[in-house]
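Peer 1: Input structure: my_file24.tsv, which contains TSV, C-alpha atoms.
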chain	number	residue	atom	x	y	z
Y	1	MET	CA	9.74	-11.08	-13.68
Y	2	PHE	CA	7.86	-10.17	-16.85
Y	3	ASN	CA	7.29	-11.77	-20.22
Y	4	VAL	CA	9.58	-10.71	-23.06
Y	5	THR	CA	9.05	-11.05	-26.80
Y	6	ARG	CA	12.44	-11.66	-28.37
Y	7	SER	CA	13.01	-10.00	-31.73
Y	8	TYR	CA	14.39	-11.79	-34.77
Y	9	PRO	CA	16.67	-12.06	-36.65
Y	10	ALA	CA	19.46	-11.97	-34.10
Y	11	PRO	CA	21.84	-8.99	-34.07
Y	12	THR	CA	24.30	-9.49	-36.89
Y	13	SER	CA	27.45	-9.11	-34.77
Y	14	LEU	CA	26.68	-12.36	-32.91
Y	15	ALA	CA	27.41	-14.36	-36.07
Y	16	LEU	CA	31.10	-13.44	-35.72
Y	17	ASN	CA	31.34	-15.38	-32.41
Y	18	ARG	CA	33.63	-12.63	-31.15
Y	19	THR	CA	31.64	-10.77	-28.50
Y	20	TYR	CA	28.09	-10.63	-27.21
Y	21	LYS	CA	28.44	-6.99	-26.11
Y	22	ASP	CA	28.52	-5.13	-29.41
Y	23	GLN	CA	26.25	-2.11	-29.75
Y	24	ASP	CA	23.63	-3.86	-31.85
Y	25	VAL	CA	23.24	-6.57	-29.18
Y	26	ILE	CA	22.95	-4.07	-26.34
Y	27	ASP	CA	20.46	-1.94	-28.26
Y	28	ALA	CA	18.30	-4.96	-29.09
Y	29	LEU	CA	18.36	-6.26	-25.51
Y	30	ARG	CA	17.49	-2.85	-24.05
Y	31	LEU	CA	14.53	-2.63	-26.40
Y	32	ILE	CA	12.99	-6.06	-25.83
Y	33	PHE	CA	13.59	-5.99	-22.06
Y	34	HIS	CA	12.15	-2.46	-21.81
Y	35	ASP	CA	15.46	-1.20	-20.43
Y	36	LYS	CA	14.77	-3.23	-17.26
Y	37	CYS	CA	16.60	-5.99	-15.42
Y	38	TYR	CA	14.63	-9.14	-16.18
Y	39	LEU	CA	15.02	-10.37	-12.60
Y	40	CYS	CA	14.43	-7.41	-10.26
Y	41	GLU	CA	12.69	-5.16	-12.84
Y	42	GLN	CA	14.75	-2.07	-12.09
Y	43	GLY	CA	14.32	0.44	-14.89
Y	44	SER	CA	16.99	2.59	-16.55
Y	45	ILE	CA	19.77	0.40	-15.14
Y	46	SER	CA	22.96	2.30	-14.36
Y	47	ASP	CA	25.07	-0.88	-14.27
Y	48	PRO	CA	23.61	-3.16	-16.99
Y	49	GLU	CA	25.19	-6.44	-17.99
Y	50	VAL	CA	24.52	-9.12	-20.58
Y	51	GLU	CA	23.68	-12.36	-18.83
Y	52	HIS	CA	23.65	-15.95	-20.08
Y	53	PHE	CA	20.41	-17.61	-19.02
Y	54	VAL	CA	22.07	-21.00	-19.30
Y	55	PRO	CA	25.76	-20.88	-18.24
Y	56	HIS	CA	27.75	-21.20	-21.44
Y	57	ASN	CA	30.83	-22.97	-20.05
Y	58	LYS	CA	32.73	-21.84	-23.19
Y	59	ASN	CA	30.13	-23.42	-25.46
Y	60	LYS	CA	29.95	-20.99	-28.40
Y	61	ALA	CA	26.33	-21.82	-29.20
Y	62	LEU	CA	25.36	-20.73	-25.68
Y	63	LYS	CA	27.89	-17.94	-25.36
Y	64	PHE	CA	26.85	-16.14	-28.55
Y	65	GLY	CA	23.35	-17.55	-28.98
Y	66	TRP	CA	20.75	-14.77	-29.16
Y	67	ASP	CA	18.15	-16.83	-27.26
Y	68	ASN	CA	20.53	-17.22	-24.32
Y	69	LEU	CA	21.31	-13.52	-23.83
Y	70	PHE	CA	19.37	-11.51	-21.24
Y	71	PHE	CA	19.46	-7.93	-19.95
Y	72	VAL	CA	20.26	-7.75	-16.25
Y	73	CYS	CA	21.63	-5.45	-13.55
Y	74	ARG	CA	25.01	-6.11	-11.95
Y	75	ARG	CA	23.50	-7.06	-8.58
Y	76	CYS	CA	21.20	-9.72	-10.00
Y	77	ASN	CA	23.84	-11.06	-12.38
Y	78	GLY	CA	26.32	-11.46	-9.54
Y	79	ILE	CA	23.75	-13.26	-7.40
Y	80	LYS	CA	22.59	-15.56	-10.19
Y	81	SER	CA	26.12	-16.30	-11.42
Y	82	THR	CA	26.32	-19.88	-12.71
Y	83	ASN	CA	24.71	-21.37	-9.60
Y	84	HIS	CA	21.04	-20.90	-10.49
Y	85	ILE	CA	19.78	-23.04	-13.37
Y	86	ASN	CA	16.54	-24.64	-14.55
Y	87	LEU	CA	14.62	-21.38	-14.15
Y	88	LEU	CA	11.44	-19.96	-15.65
Y	89	ASP	CA	12.28	-18.50	-19.05
Y	90	CYS	CA	10.45	-15.19	-19.45
Y	91	THR	CA	10.94	-15.30	-23.24
Y	92	VAL	CA	8.76	-18.41	-23.61
Y	93	SER	CA	5.34	-17.11	-24.62
Y	94	ALA	CA	3.50	-20.22	-23.41
Y	95	ILE	CA	4.31	-19.31	-19.79
Y	96	ASN	CA	2.86	-16.24	-18.08
Y	97	VAL	CA	5.74	-15.73	-15.67
Y	98	SER	CA	3.97	-12.87	-13.88
Y	99	ASP	CA	1.21	-15.24	-12.77
Y	100	GLU	CA	3.57	-17.91	-11.49
Y	101	ILE	CA	5.33	-15.98	-8.70
Y	102	VAL	CA	3.72	-13.69	-6.12
Y	103	HIS	CA	5.56	-10.42	-5.39
Y	104	PHE	CA	4.68	-8.08	-2.50
Y	105	ALA	CA	6.54	-4.83	-1.82
Y	106	GLY	CA	4.62	-3.72	1.26
Y	107	ASN	CA	7.59	-4.12	3.63
Y	108	ALA	CA	10.23	-2.62	1.35
Y	109	ASP	CA	10.86	0.11	3.93
Y	110	VAL	CA	12.25	-2.54	6.28
Y	111	GLY	CA	13.95	-4.51	3.51
Y	112	GLU	CA	11.55	-7.45	3.36
Y	113	ILE	CA	10.30	-8.23	-0.13
Y	114	VAL	CA	7.94	-11.21	-0.24
Y	115	ILE	CA	8.47	-13.66	-3.09
Y	116	ARG	CA	6.59	-16.97	-3.18
Y	117	PRO	CA	5.01	-19.39	-5.65
Y	118	HIS	CA	1.41	-18.76	-6.57
Y	119	SER	CA	0.58	-22.43	-6.98
Y	120	LYS	CA	0.42	-24.82	-4.05
Y	121	ASN	CA	2.25	-27.33	-6.25
Y	122	PRO	CA	4.84	-25.26	-8.10
Y	123	SER	CA	7.10	-26.71	-10.74
Y	124	VAL	CA	10.81	-27.13	-10.13
Y	125	GLN	CA	11.46	-24.16	-12.41
Y	126	VAL	CA	9.14	-21.97	-10.35
Y	127	GLU	CA	10.74	-23.06	-7.08
Y	128	ASN	CA	14.21	-22.39	-8.45
Y	129	THR	CA	13.15	-18.98	-9.73
Y	130	VAL	CA	11.53	-18.06	-6.42
Y	131	LEU	CA	14.77	-18.87	-4.64
Y	132	LEU	CA	16.79	-16.72	-7.04
Y	133	LEU	CA	14.39	-13.77	-6.96
Y	134	SER	CA	14.25	-13.85	-3.16
Y	135	LYS	CA	18.02	-13.48	-3.15
Y	136	CYS	CA	17.97	-10.75	-5.81
Y	137	PHE	CA	15.68	-8.61	-3.66
Y	138	ASN	CA	16.75	-9.52	-0.14
Y	139	LEU	CA	20.33	-10.78	-0.09
Y	140	GLU	CA	22.80	-8.62	1.84
Y	141	ASN	CA	25.59	-11.10	2.59
Y	142	THR	CA	28.39	-8.67	1.70
Y	143	SER	CA	29.01	-4.99	2.41
Y	144	LEU	CA	28.51	-4.07	-1.25
Y	145	ARG	CA	25.31	-6.09	-1.51
Y	146	LYS	CA	23.93	-4.26	1.52
Y	147	ILE	CA	24.47	-1.00	-0.35
Y	148	SER	CA	22.95	-2.30	-3.59
Y	149	LYS	CA	19.98	-3.69	-1.66
Y	150	GLU	CA	19.37	-0.31	0.00
Y	151	SER	CA	19.36	1.33	-3.42
Y	152	LEU	CA	16.97	-1.28	-4.81
Y	153	MET	CA	14.58	-0.96	-1.85
Y	154	GLU	CA	14.55	2.82	-2.19
Y	155	LYS	CA	13.61	2.58	-5.87
Y	156	ILE	CA	10.78	0.17	-5.03
Y	157	LEU	CA	9.56	2.46	-2.24
Y	158	VAL	CA	9.38	5.43	-4.59
Y	159	GLU	CA	7.11	3.48	-6.92
Y	160	LEU	CA	5.13	1.98	-4.03
Y	161	ASN	CA	4.40	5.52	-2.86
Y	162	ASN	CA	3.15	6.28	-6.38
Y	163	PHE	CA	0.93	3.20	-6.31
Y	164	ARG	CA	-0.75	3.71	-2.93
Y	165	PRO	CA	-2.66	6.95	-3.68
Y	166	LEU	CA	-3.99	5.44	-6.90
Y	167	ARG	CA	-5.15	2.35	-5.04
Y	168	ASP	CA	-6.82	4.52	-2.40
Y	169	VAL	CA	-8.81	6.41	-5.02
Y	170	LEU	CA	-10.28	3.11	-6.22
Y	171	ALA	CA	-10.94	1.90	-2.69
Y	172	GLN	CA	-12.71	5.01	-1.36
Y	173	ARG	CA	-16.45	5.44	-1.84
Y	174	LEU	CA	-16.14	9.23	-2.04
Y	175	SER	CA	-13.97	9.12	-5.16
Y	176	SER	CA	-15.52	10.78	-8.19
Y	177	ILE	CA	-16.02	8.94	-11.46
Y	178	GLU	CA	-13.41	11.19	-13.08
Y	179	SER	CA	-10.79	10.45	-10.40
Y	180	VAL	CA	-11.47	6.71	-10.63
Y	181	ILE	CA	-10.98	6.77	-14.40
Y	182	ALA	CA	-7.75	8.74	-14.04
Y	183	ALA	CA	-6.47	6.36	-11.33
Y	184	LYS	CA	-7.21	3.34	-13.51
Y	185	GLN	CA	-5.33	4.92	-16.40
Y	186	SER	CA	-2.27	5.51	-14.22
Y	187	LEU	CA	-2.45	2.01	-12.72
Y	188	ALA	CA	-2.62	0.53	-16.22
Y	189	ILE	CA	0.69	2.26	-16.94
Y	190	MET	CA	2.26	0.98	-13.71
Y	191	CYS	CA	1.10	-2.58	-14.42
Y	192	SER	CA	2.43	-2.67	-17.98
Y	193	SER	CA	5.59	-4.65	-18.63
Y	194	ASN	CA	7.63	-1.60	-19.60
Y	195	TYR	CA	7.15	0.04	-16.18
Y	196	PRO	CA	9.64	-0.52	-13.32
Y	197	PHE	CA	8.68	-3.25	-10.87
Y	198	SER	CA	5.41	-3.89	-12.73
Y	199	ILE	CA	5.10	-7.37	-11.25
Y	200	PHE	CA	4.61	-5.88	-7.78
Y	201	TRP	CA	1.79	-3.56	-8.80
Y	202	ARG	CA	0.04	-6.39	-10.60
Y	203	TRP	CA	0.11	-8.57	-7.50
Y	204	HIS	CA	-0.90	-5.73	-5.22
Y	205	VAL	CA	-3.95	-5.20	-7.44
Y	206	ILE	CA	-4.77	-8.90	-7.74
Y	207	SER	CA	-4.52	-9.55	-3.99
Y	208	ASP	CA	-6.33	-6.45	-2.71
Y	209	VAL	CA	-9.66	-7.64	-1.26
Y	210	ILE	CA	-11.19	-4.15	-1.29
Y	211	LEU	CA	-10.31	-3.56	-4.92
Y	212	LYS	CA	-11.64	-6.98	-5.90
Y	213	ARG	CA	-14.96	-6.24	-4.23
Y	214	ARG	CA	-15.39	-2.71	-5.57
Y	215	HIS	CA	-13.86	-3.32	-9.03
Y	216	PRO	CA	-14.28	-7.04	-9.85
Y	217	ASN	CA	-13.05	-6.59	-13.44
Y	218	LEU	CA	-10.09	-4.39	-12.56
Y	219	ARG	CA	-7.42	-6.75	-13.85
Y	220	GLN	CA	-9.04	-6.85	-17.26
Y	221	GLU	CA	-9.52	-3.08	-17.24
Y	222	LEU	CA	-5.81	-2.58	-16.49
Y	223	GLY	CA	-4.81	-4.88	-19.33
Y	224	PHE	CA	-3.05	-7.79	-17.64
Here is a file; write its structure as structure tokens.
Peer 2:
Amino acid sequence: MFNVTRSYPAPTSLALNRTYKDQDVIDALRLIFHDKCYLCEQGSISDPEVEHFVPHNKNKALKFGWDNLFFVCRRCNGIKSTNHINLLDCTVSAINVSDEIVHFAGNADVGEIVIRPHSKNPSVQVENTVLLLSKCFNLENTSLRKISKESLMEKILVELNNFRPLRDVLAQRLSSIESVIAAKQSLAIMCSSNYPFSIFWRWHVISDVILKRRHPNLRQELGF
């Protein structure tokens, strides 16, 4: 999950209380969510949906309210449904949602994404969000969800394989200054909010003991 800065004013079509899927709404959501699902962070979603952060239950203020509309993939929207509430809101600037929940992609090849709270005493919102995200990445309780999970894991693996060589450049003593600078530039791109699965690469950097020892200011250098 990544922080989102919501744009204002709201798309004009929402004032009609007719639909929340008009083109101006979709365009605005794609822009502020970097064309990514706000839950799993897939980029360039082929099956995007508009999701209500708080279930609207036919309440027009929630159904057509700009602050309640989020950009999500079909898999995550189906898993969240109306059953997961009281979650971390990634559009609240006072909360750095990336720092609240640890994400590790190291076992994506066997379908085991690790999601856990960073704090030893997480808030209820963090615990609820961890539960939801764990399902978004790992749930395969139906035949179709097994297929969608395989697709999600493959996308994560592609990016993980992009991350590993860059990490190795920073970890190896034989790396030239030029290659280290180039690797840091590429990692800064991968760790930015507009890059797919950026939360994973941030946590892989933060938690890497070799990188912390050899590049103690790496997080600051990468801009997160």
Peer 1: Pick out the closest residue to His34 (chain Y) from this set: Y:Ser123, Y:Asn194, Y:Val209, Y:Ile85. Count all atoms listed in the file.
Peer 2: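 Among the listed residues, the smallest separation from His34 (chain Y) belongs to Y:Asn194.
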Peer 1: So, with only C-alpha atoms as the atoms that count, which of Y:Glu154, Y:Asp99, Y:Asp35, Y:Asp24 lies closest to Gly111 (chain Y)?
Peer 2: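 Among Y:Glu154, Y:Asp99, Y:Asp35, Y:Asp24, it is Y:Glu154 that comes nearest to Gly111 (chain Y).
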Peer 1: Of the candidates Y:Ser143, Y:Ser134, Y:Asn68, Y:Ser13, which one gets nearest to Thr91 (chain Y) if we count all atoms listed in the file?
Peer 2: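 That would be Y:Asn68, the residue with the smallest distance to Thr91 (chain Y).
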Peer 1: Would you list the contacts of Leu131 (chain Y) as a ChimeraX atom specification, taking every protein, DNA or RNA residue within 10 Å and counting all atoms listed in the file, but skipping same-chain residues closer than 5 positions in sequence?
Peer 2: /Y:84,87,115-117,125-126,136
Peer 1: Would you compute the distance between CA of Leu132 (chain Y) and CA of Lys146 (chain Y)? Give it in Å to one decimal.
Peer 2: 16.7 Å
Peer 1: Compile the contact shell of Val114 (chain Y) as a list in words: residues with an atom at most 9 Å away, counting only C-alpha atoms, same-chain residues fewer than 6 positions apart removed.
Peer 2: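 Non-adjacent residues within range: Val102, His103, Phe104, Ala105, Gly106, Asn107, Ser134, Phe137 and Asn138 of chain Y.
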Peer 1: Would you kindly return, as a short mmCIF file (atom, residue, chain, number, x, y, z; two decimals) with C-alpha atoms, in the coordinates of the input, each protein, DNA or RNA residue with an atom no farther than 8 Å from any atom of Gly43 (chain Y), considering all atoms listed in the file and excluding same-chain residues fewer than 3 positions away?
Peer 2:
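And here's selection_12.cif as it stands now:
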data_model
loop_
_atom_site.label_atom_id
_atom_site.label_comp_id
_atom_site.auth_asym_id
_atom_site.auth_seq_id
_atom_site.Cartn_x
_atom_site.Cartn_y
_atom_site.Cartn_z
CA HIS Y 34 12.15 -2.46 -21.81
CA ASP Y 35 15.46 -1.20 -20.43
CA LYS Y 36 14.77 -3.23 -17.26
CA CYS Y 37 16.60 -5.99 -15.42
CA TYR Y 195 7.15 0.04 -16.18
CA PRO Y 196 9.64 -0.52 -13.32
CA PHE Y 197 8.68 -3.25 -10.87
#
Peer 1: Which is closer to Val110 (chain Y) than all the others in Y:Arg167, Y:Lys184, Y:Lys58, Y:Lys149, using all atoms listed in the file?
Peer 2: Y:Lys149
Peer 1: Got a sec to check which residues sit within 9 Å of (24.0, -2.0, -22.0), counting all atoms listed in the file, and write them as a tab-separated table (two decimals) with C-alpha atoms, in the frame of the given file?
Peer 2:
chain	number	residue	atom	x	y	z
Y	21	LYS	CA	28.44	-6.99	-26.11
Y	23	GLN	CA	26.25	-2.11	-29.75
Y	25	VAL	CA	23.24	-6.57	-29.18
Y	26	ILE	CA	22.95	-4.07	-26.34
Y	27	ASP	CA	20.46	-1.94	-28.26
Y	29	LEU	CA	18.36	-6.26	-25.51
Y	30	ARG	CA	17.49	-2.85	-24.05
Y	35	ASP	CA	15.46	-1.20	-20.43
Y	45	ILE	CA	19.77	0.40	-15.14
Y	46	SER	CA	22.96	2.30	-14.36
Y	47	ASP	CA	25.07	-0.88	-14.27
Y	48	PRO	CA	23.61	-3.16	-16.99
Y	49	GLU	CA	25.19	-6.44	-17.99
Y	50	VAL	CA	24.52	-9.12	-20.58
Y	71	PHE	CA	19.46	-7.93	-19.95
Y	72	VAL	CA	20.26	-7.75	-16.25
Peer 1: Output as AutoDock Vina command-line options the centre and edge lengths (Å, one decimal) of the box along x, y and z of the file that holds every listed atom of region 152-155 of chain Y after adding 8 Å on each side.
Peer 2:
--center_x 15.3 --center_y 0.8 --center_z -3.9 --size_x 19.4 --size_y 20.1 --size_z 20.0
Peer 1: So the first atom is CA of Asp208 (chain Y) and the second is CA of Gln172 (chain Y); what is the distance between them in Å, to one decimal place?
Peer 2: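 Distance reported for this atom pair: 13.2 Å.
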Peer 1: Report the distance between CA of Val97 (chain Y) and CA of Cys76 (chain Y) in Å, rounded to one decimal place.
Peer 2: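 Here the two named atoms are 17.5 Å from each other.
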Peer 1: Which residues come within 12 Å of His56 (chain Y), counting only C-alpha atoms, excluding same-chain residues fewer than 6 positions away, as an mmCIF file with C-alpha atoms, keeping the file's coordinate frame?
Peer 2:
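Written file, result-v6.cif:
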data_model
loop_
_atom_site.group_PDB
_atom_site.id
_atom_site.type_symbol
_atom_site.label_atom_id
_atom_site.label_comp_id
_atom_site.auth_asym_id
_atom_site.auth_seq_id
_atom_site.Cartn_x
_atom_site.Cartn_y
_atom_site.Cartn_z
ATOM 1 C CA LEU Y 62 25.360 -20.730 -25.680
ATOM 2 C CA LYS Y 63 27.890 -17.940 -25.360
ATOM 3 C CA PHE Y 64 26.850 -16.140 -28.550
ATOM 4 C CA GLY Y 65 23.350 -17.550 -28.980
ATOM 5 C CA ASN Y 68 20.530 -17.220 -24.320
ATOM 6 C CA LEU Y 69 21.310 -13.520 -23.830
ATOM 7 C CA SER Y 81 26.120 -16.300 -11.420
ATOM 8 C CA THR Y 82 26.320 -19.880 -12.710
ATOM 9 C CA ILE Y 85 19.780 -23.040 -13.370
#
Peer 1: Can you sort out region 141-173 of chain Y so it carries N, CA and C atoms, written as a PDB file, in the coordinates of the input?
Peer 2:
ATOM      1  N   ASN Y 141      24.544 -10.302   1.946  1.00  0.00           N
ATOM      2  CA  ASN Y 141      25.590 -11.100   2.590  1.00  0.00           C
ATOM      3  C   ASN Y 141      26.985 -10.493   2.478  1.00  0.00           C
ATOM      4  N   THR Y 142      27.119  -9.381   1.754  1.00  0.00           N
ATOM      5  CA  THR Y 142      28.390  -8.670   1.700  1.00  0.00           C
ATOM      6  C   THR Y 142      28.115  -7.180   1.897  1.00  0.00           C
ATOM      7  N   SER Y 143      29.166  -6.429   2.202  1.00  0.00           N
ATOM      8  CA  SER Y 143      29.010  -4.990   2.410  1.00  0.00           C
ATOM      9  C   SER Y 143      28.471  -4.294   1.167  1.00  0.00           C
ATOM     10  N   LEU Y 144      28.963  -4.693  -0.014  1.00  0.00           N
ATOM     11  CA  LEU Y 144      28.510  -4.070  -1.250  1.00  0.00           C
ATOM     12  C   LEU Y 144      27.062  -4.451  -1.569  1.00  0.00           C
ATOM     13  N   ARG Y 145      26.692  -5.679  -1.254  1.00  0.00           N
ATOM     14  CA  ARG Y 145      25.310  -6.090  -1.510  1.00  0.00           C
ATOM     15  C   ARG Y 145      24.335  -5.396  -0.553  1.00  0.00           C
ATOM     16  N   LYS Y 146      24.779  -5.050   0.627  1.00  0.00           N
ATOM     17  CA  LYS Y 146      23.930  -4.260   1.520  1.00  0.00           C
ATOM     18  C   LYS Y 146      23.625  -2.906   0.901  1.00  0.00           C
ATOM     19  N   ILE Y 147      24.656  -2.299   0.290  1.00  0.00           N
ATOM     20  CA  ILE Y 147      24.470  -1.000  -0.350  1.00  0.00           C
ATOM     21  C   ILE Y 147      23.547  -1.123  -1.561  1.00  0.00           C
ATOM     22  N   SER Y 148      23.776  -2.139  -2.383  1.00  0.00           N
ATOM     23  CA  SER Y 148      22.950  -2.300  -3.590  1.00  0.00           C
ATOM     24  C   SER Y 148      21.511  -2.644  -3.213  1.00  0.00           C
ATOM     25  N   LYS Y 149      21.337  -3.379  -2.112  1.00  0.00           N
ATOM     26  CA  LYS Y 149      19.980  -3.690  -1.660  1.00  0.00           C
ATOM     27  C   LYS Y 149      19.269  -2.421  -1.188  1.00  0.00           C
ATOM     28  N   GLU Y 150      19.963  -1.573  -0.452  1.00  0.00           N
ATOM     29  CA  GLU Y 150      19.370  -0.310   0.000  1.00  0.00           C
ATOM     30  C   GLU Y 150      18.894   0.519  -1.189  1.00  0.00           C
ATOM     31  N   SER Y 151      19.721   0.575  -2.224  1.00  0.00           N
ATOM     32  CA  SER Y 151      19.360   1.330  -3.420  1.00  0.00           C
ATOM     33  C   SER Y 151      18.144   0.730  -4.096  1.00  0.00           C
ATOM     34  N   LEU Y 152      18.100  -0.598  -4.191  1.00  0.00           N
ATOM     35  CA  LEU Y 152      16.970  -1.280  -4.810  1.00  0.00           C
ATOM     36  C   LEU Y 152      15.693  -1.050  -4.016  1.00  0.00           C
ATOM     37  N   MET Y 153      15.764  -1.171  -2.687  1.00  0.00           N
ATOM     38  CA  MET Y 153      14.580  -0.960  -1.850  1.00  0.00           C
ATOM     39  C   MET Y 153      14.061   0.464  -1.983  1.00  0.00           C
ATOM     40  N   GLU Y 154      14.970   1.425  -2.075  1.00  0.00           N
ATOM     41  CA  GLU Y 154      14.550   2.820  -2.190  1.00  0.00           C
ATOM     42  C   GLU Y 154      13.801   3.053  -3.501  1.00  0.00           C
ATOM     43  N   LYS Y 155      14.283   2.446  -4.580  1.00  0.00           N
ATOM     44  CA  LYS Y 155      13.610   2.580  -5.870  1.00  0.00           C
ATOM     45  C   LYS Y 155      12.205   1.962  -5.816  1.00  0.00           C
ATOM     46  N   ILE Y 156      12.095   0.817  -5.160  1.00  0.00           N
ATOM     47  CA  ILE Y 156      10.780   0.170  -5.030  1.00  0.00           C
ATOM     48  C   ILE Y 156       9.849   1.021  -4.187  1.00  0.00           C
ATOM     49  N   LEU Y 157      10.380   1.611  -3.113  1.00  0.00           N
ATOM     50  CA  LEU Y 157       9.560   2.460  -2.240  1.00  0.00           C
ATOM     51  C   LEU Y 157       9.024   3.679  -2.968  1.00  0.00           C
ATOM     52  N   VAL Y 158       9.833   4.280  -3.812  1.00  0.00           N
ATOM     53  CA  VAL Y 158       9.380   5.430  -4.590  1.00  0.00           C
ATOM     54  C   VAL Y 158       8.158   5.057  -5.417  1.00  0.00           C
ATOM     55  N   GLU Y 159       8.228   3.911  -6.091  1.00  0.00           N
ATOM     56  CA  GLU Y 159       7.110   3.480  -6.920  1.00  0.00           C
ATOM     57  C   GLU Y 159       5.926   3.008  -6.072  1.00  0.00           C
ATOM     58  N   LEU Y 160       6.205   2.390  -4.930  1.00  0.00           N
ATOM     59  CA  LEU Y 160       5.130   1.980  -4.030  1.00  0.00           C
ATOM     60  C   LEU Y 160       4.338   3.198  -3.554  1.00  0.00           C
ATOM     61  N   ASN Y 161       5.051   4.284  -3.292  1.00  0.00           N
ATOM     62  CA  ASN Y 161       4.400   5.520  -2.860  1.00  0.00           C
ATOM     63  C   ASN Y 161       3.608   6.167  -4.000  1.00  0.00           C
ATOM     64  N   ASN Y 162       3.966   5.844  -5.247  1.00  0.00           N
ATOM     65  CA  ASN Y 162       3.150   6.280  -6.380  1.00  0.00           C
ATOM     66  C   ASN Y 162       1.900   5.426  -6.515  1.00  0.00           C
ATOM     67  N   PHE Y 163       2.041   4.151  -6.176  1.00  0.00           N
ATOM     68  CA  PHE Y 163       0.930   3.200  -6.310  1.00  0.00           C
ATOM     69  C   PHE Y 163      -0.158   3.434  -5.270  1.00  0.00           C
ATOM     70  N   ARG Y 164       0.211   3.668  -4.035  1.00  0.00           N
ATOM     71  CA  ARG Y 164      -0.750   3.710  -2.930  1.00  0.00           C
ATOM     72  C   ARG Y 164      -1.860   4.736  -3.109  1.00  0.00           C
ATOM     73  N   PRO Y 165      -1.558   5.987  -3.495  1.00  0.00           N
ATOM     74  CA  PRO Y 165      -2.660   6.950  -3.680  1.00  0.00           C
ATOM     75  C   PRO Y 165      -3.631   6.539  -4.788  1.00  0.00           C
ATOM     76  N   LEU Y 166      -3.120   5.898  -5.824  1.00  0.00           N
ATOM     77  CA  LEU Y 166      -3.990   5.440  -6.900  1.00  0.00           C
ATOM     78  C   LEU Y 166      -4.905   4.333  -6.402  1.00  0.00           C
ATOM     79  N   ARG Y 167      -4.346   3.425  -5.641  1.00  0.00           N
ATOM     80  CA  ARG Y 167      -5.150   2.350  -5.040  1.00  0.00           C
ATOM     81  C   ARG Y 167      -6.227   2.935  -4.138  1.00  0.00           C
ATOM     82  N   ASP Y 168      -5.872   3.940  -3.345  1.00  0.00           N
ATOM     83  CA  ASP Y 168      -6.820   4.520  -2.400  1.00  0.00           C
ATOM     84  C   ASP Y 168      -7.990   5.190  -3.105  1.00  0.00           C
ATOM     85  N   VAL Y 169      -7.729   5.804  -4.252  1.00  0.00           N
ATOM     86  CA  VAL Y 169      -8.810   6.410  -5.020  1.00  0.00           C
ATOM     87  C   VAL Y 169      -9.846   5.348  -5.404  1.00  0.00           C
ATOM     88  N   LEU Y 170      -9.367   4.183  -5.826  1.00  0.00           N
ATOM     89  CA  LEU Y 170     -10.280   3.110  -6.220  1.00  0.00           C
ATOM     90  C   LEU Y 170     -10.982   2.481  -5.033  1.00  0.00           C
ATOM     91  N   ALA Y 171     -10.367   2.537  -3.875  1.00  0.00           N
ATOM     92  CA  ALA Y 171     -10.940   1.900  -2.690  1.00  0.00           C
ATOM     93  C   ALA Y 171     -11.965   2.772  -1.973  1.00  0.00           C
ATOM     94  N   GLN Y 172     -11.858   4.091  -2.125  1.00  0.00           N
ATOM     95  CA  GLN Y 172     -12.710   5.010  -1.360  1.00  0.00           C
ATOM     96  C   GLN Y 172     -14.051   5.257  -2.070  1.00  0.00           C
ATOM     97  N   ARG Y 173     -15.103   5.231  -1.298  1.00  0.00           N
ATOM     98  CA  ARG Y 173     -16.450   5.440  -1.840  1.00  0.00           C
ATOM     99  C   ARG Y 173     -16.691   6.874  -2.270  1.00  0.00           C
TER     100      ARG Y 173
END
